[in-house]
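Beneath this line is the structure, given in structure tokens, with notes to follow.
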4 protein chains.
Amino acid sequence: MPEGIEKLVELFVKFPGVGPRQARRFVYYLLNQRPQFIDLLIARLNAVRSEINQCKECYRFFPNKVDAVVCEVCRDQNLGHDTLIIVEKDVDFDALRKANLIQGRYFILGGLIPILEKNPERLVKINPLLEKVENFSTKGLQEVIFALSANPQGDHTVEILSEKLSPLRQKHDFKISTLGRGLSTGTELEYSDLDTLKSALENRK
Amino acid sequence: MPEGIEKLVELFVKFPGVGPRQARRFVYYLLNQRPQFIDLLIARLNAVRSEINQCKECYRFFPNKVDAVVCEVCRDQNLGHDTLIIVEKDVDFDALRKANLIQGRYFILGGLIPILEKNPERLVKINPLLEKVENFSTKGLQEVIFALSANPQGDHTVEILSEKLSPLRQKHDFKISTLGRGLSTGTELEYSDLDTLKSALENRK
Amino acid sequence: MPEGIEKLVELFVKFPGVGPRQARRFVYYLLNQRPQFIDLLIARLNAVRSEINQCKECYRFFPNKVDAVVCEVCRDQNLGHDTLIIVEKDVDFDALRKANLIQGRYFILGGLIPILEKNPERLVKINPLLEKVENFSTKGLQEVIFALSANPQGDHTVEILSEKLSPLRQKHDFKISTLGRGLSTGTELEYSDLDTLKSALENRK
Amino acid sequence: MPEGIEKLVELFVKFPGVGPRQARRFVYYLLNQRPQFIDLLIARLNAVRSEINQCKECYRFFPNKVDAVVCEVCRDQNLGHDTLIIVEKDVDFDALRKANLIQGRYFILGGLIPILEKNPERLVKINPLLEKVENFSTKGLQEVIFALSANPQGDHTVEILSEKLSPLRQKHDFKISTLGRGLSTGTELEYSDLDTLKSALENRK
């Protein structure tokens, strides 16, 4: 395989969920398109690189058209400061915003904390979160919602962060909540674990 | 393939989740065991056939050691009649009993009602359920819990049966509930549907 | 779960490819059929147990209608003794006979020899095979065909058995062959291993 | 989702085997890397775009370091012109060259011909192939090897192209061959189709 191709395969292999075979197919796919396709890909990569900023407030990526450092959601005066929704990543933010089920401001952690992790700060924006909650506390914060995945890492992240938020909560008296557990769409009773059955019975209505 | 083998394959193919290839492997597996294995299988089939009865009250299968027509759960005087838990099948009953999360009597529907089914009575014990609820109503019934799977058939079954139970409920004033929805263990936020997100936010705590 | 059911589940779990969940579903499936279904299953199990014999010559299972100890293929006078096809199990025999691609007598090994196995006789009928080949040698044997799967166990079995047959071959001068390797239907070149590519190039035509 | 991100997702979705969800994860992955990563990706895309040429002789992609229009394999004087190996795509060429099982020159078709395709020229370089074979015929061509996948499209491609090559073959008397069929590594006898069994028996050795 020519070296130039190999060098590009090396980068594609780092993309999430891409193995060496698919990475190679990516490169040959690109070579088989008209050269304009690679030009367009480069142009859009450049665009994302220069036009997309990470919001200094919520850490999500947003299009920076006015040289702003804060995204349009964080700039929205109507949102108030009573609800702060903590999510793992941008796509979770997208999903919740699109669902339009709750009003509130968001904070993107950037990851979850694995169970035996010694330096959670490495993976998750802990101090920026504490600062944000402290700041919101003085502006009427009522509830911090952890909208994380229902898996061991998600649970562990809630546990660690709740503990870190505990002094602030005692001082400012806001609520910390997590998403409700139960049967999710498609779940069959026969294959449900004990925790899910328990929540499903407790939350019955 | 010898006819005797083929005839046995024909029956195994009817078993849930078994294709012709696996059915054939079953038969050759049996032939390759000592003959005592087939004898034992026949003995245990005979035992199940003669010792397991279907309870006349809840319709689950139970070991009939005392020539009883009613299972030990339905005979249990301590259970009262305030909670009736409706499940689809025996394994769901087993799962809930083993979880030991709730006290109550059970009723096994025997199936779920597909969405366009014209004769639901064919698949689900509707009239026996109505009789049972009527009977329990006079003995202090407080709540009927539909503990069914969180899929379209389960939802449709709840809908149809709730409607059928509606006159009884108006007369006797008991509650009808379904299992709580939300994130089930292992669910990732990114892949959740709108209904699940909605329930998860509503049931947050 | 009632004990009688559990006891039957225990047996079904031993069936090839069946886990505890499916085994349980088998039992409840049987309970939900009319009792005649279990009767029929028992009858056919009895029939297989009493009517199917293992052939004393080729070790396959065959319907014993005339109190014979030798199957109809081994009794067939027209087949001669020039070709002996060695297969792992009955379904392989069925596949080759049904394909009707070659005339010959068969021998069912009953298994393959795992690579580090110390007692191959435990799993594979080695001595009966040697006796059979010796016997055929005196009747005009031309070729022994190993029709085994193209995996490490199959290759290892061919290796061990070829060595055991080697003295007989030197004395009686018959051919030992294995099935041809190459691209099998559906194989994509991109995903082929070196051995397959090599055979495919060598056997090109 | 910001428009710049969406525009990039749109391109990634066109990559082979990539769905919208993975495409989105690609973009957020890029955003979460240091900006240098996107710079490097752009640089390597540019390199592939400018340094990799498609060979005018065999149509594979090769690194063009000397402003050549013909790849190093096609320039190799030692290869002669007796063997022409026809493959579907570059990775098949890579696999065969790496296996080092046969000496010869190559031709990359660029695709296979689907069974009901009306304009095969659209997908496969038919006329360049005919010209190449004609040219090689005058230089001592002995054999054209179709090294294509063993699936219906591969078989159909061989059929169509063999017919097109037929007049040249009659005139110049070279051989046309295809890769040998048989059991490929890992194939179990029980799951083999009739064609594979047939070839495996015919090619036994």
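Chain labels follow the order of the structure tokens: the first chain is A, the next B, and so on; residue numbering restarts at 1 in every chain, and ligands are counted from 1 in their shown order.
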Helix (DSSP H, G or I) call set, DSSP backbone run, region 86-172 of chain C, as a PyMOL selection string: chain C and resi 90-99+120-122+126-137+152-172
Please check the contacts: residues of chain C at most 10 Å away from chain A, using only C-alpha atoms, listed as an mmCIF file with N, CA and C atoms, in the first residue's frame.
data_model
loop_
_atom_site.group_PDB
_atom_site.id
_atom_site.type_symbol
_atom_site.label_atom_id
_atom_site.label_comp_id
_atom_site.auth_asym_id
_atom_site.auth_seq_id
_atom_site.Cartn_x
_atom_site.Cartn_y
_atom_site.Cartn_z
ATOM 1 N N ARG C 21 -32.429 -19.862 29.392
ATOM 2 C CA ARG C 21 -33.636 -19.113 29.035
ATOM 3 C C ARG C 21 -34.461 -19.861 27.989
ATOM 4 N N GLU C 190 -10.989 -10.121 -0.659
ATOM 5 C CA GLU C 190 -10.403 -9.198 0.314
ATOM 6 C C GLU C 190 -10.273 -9.828 1.707
ATOM 7 N N TYR C 191 -11.210 -10.723 2.039
ATOM 8 C CA TYR C 191 -11.224 -11.289 3.386
ATOM 9 C C TYR C 191 -10.654 -12.709 3.434
#
Determine which residues of region 26-153 of chain B DSSP labels as strand (DSSP E or B) from the backbone of this structure, then write them out as number ranges by chain. B: 52-54, 61-63, 83-87, 105-108, 143-146
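Between CA of Asn100 (chain B) and CA of Gly180 (chain B) lies a distance of 17.2 Å.
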Residues at most 8 Å from Phe93 (chain B), counting only C-alpha atoms, excluding those fewer than 4 positions away in the same chain, as number ranges by chain? B: 87, 89, 97, 106, 108
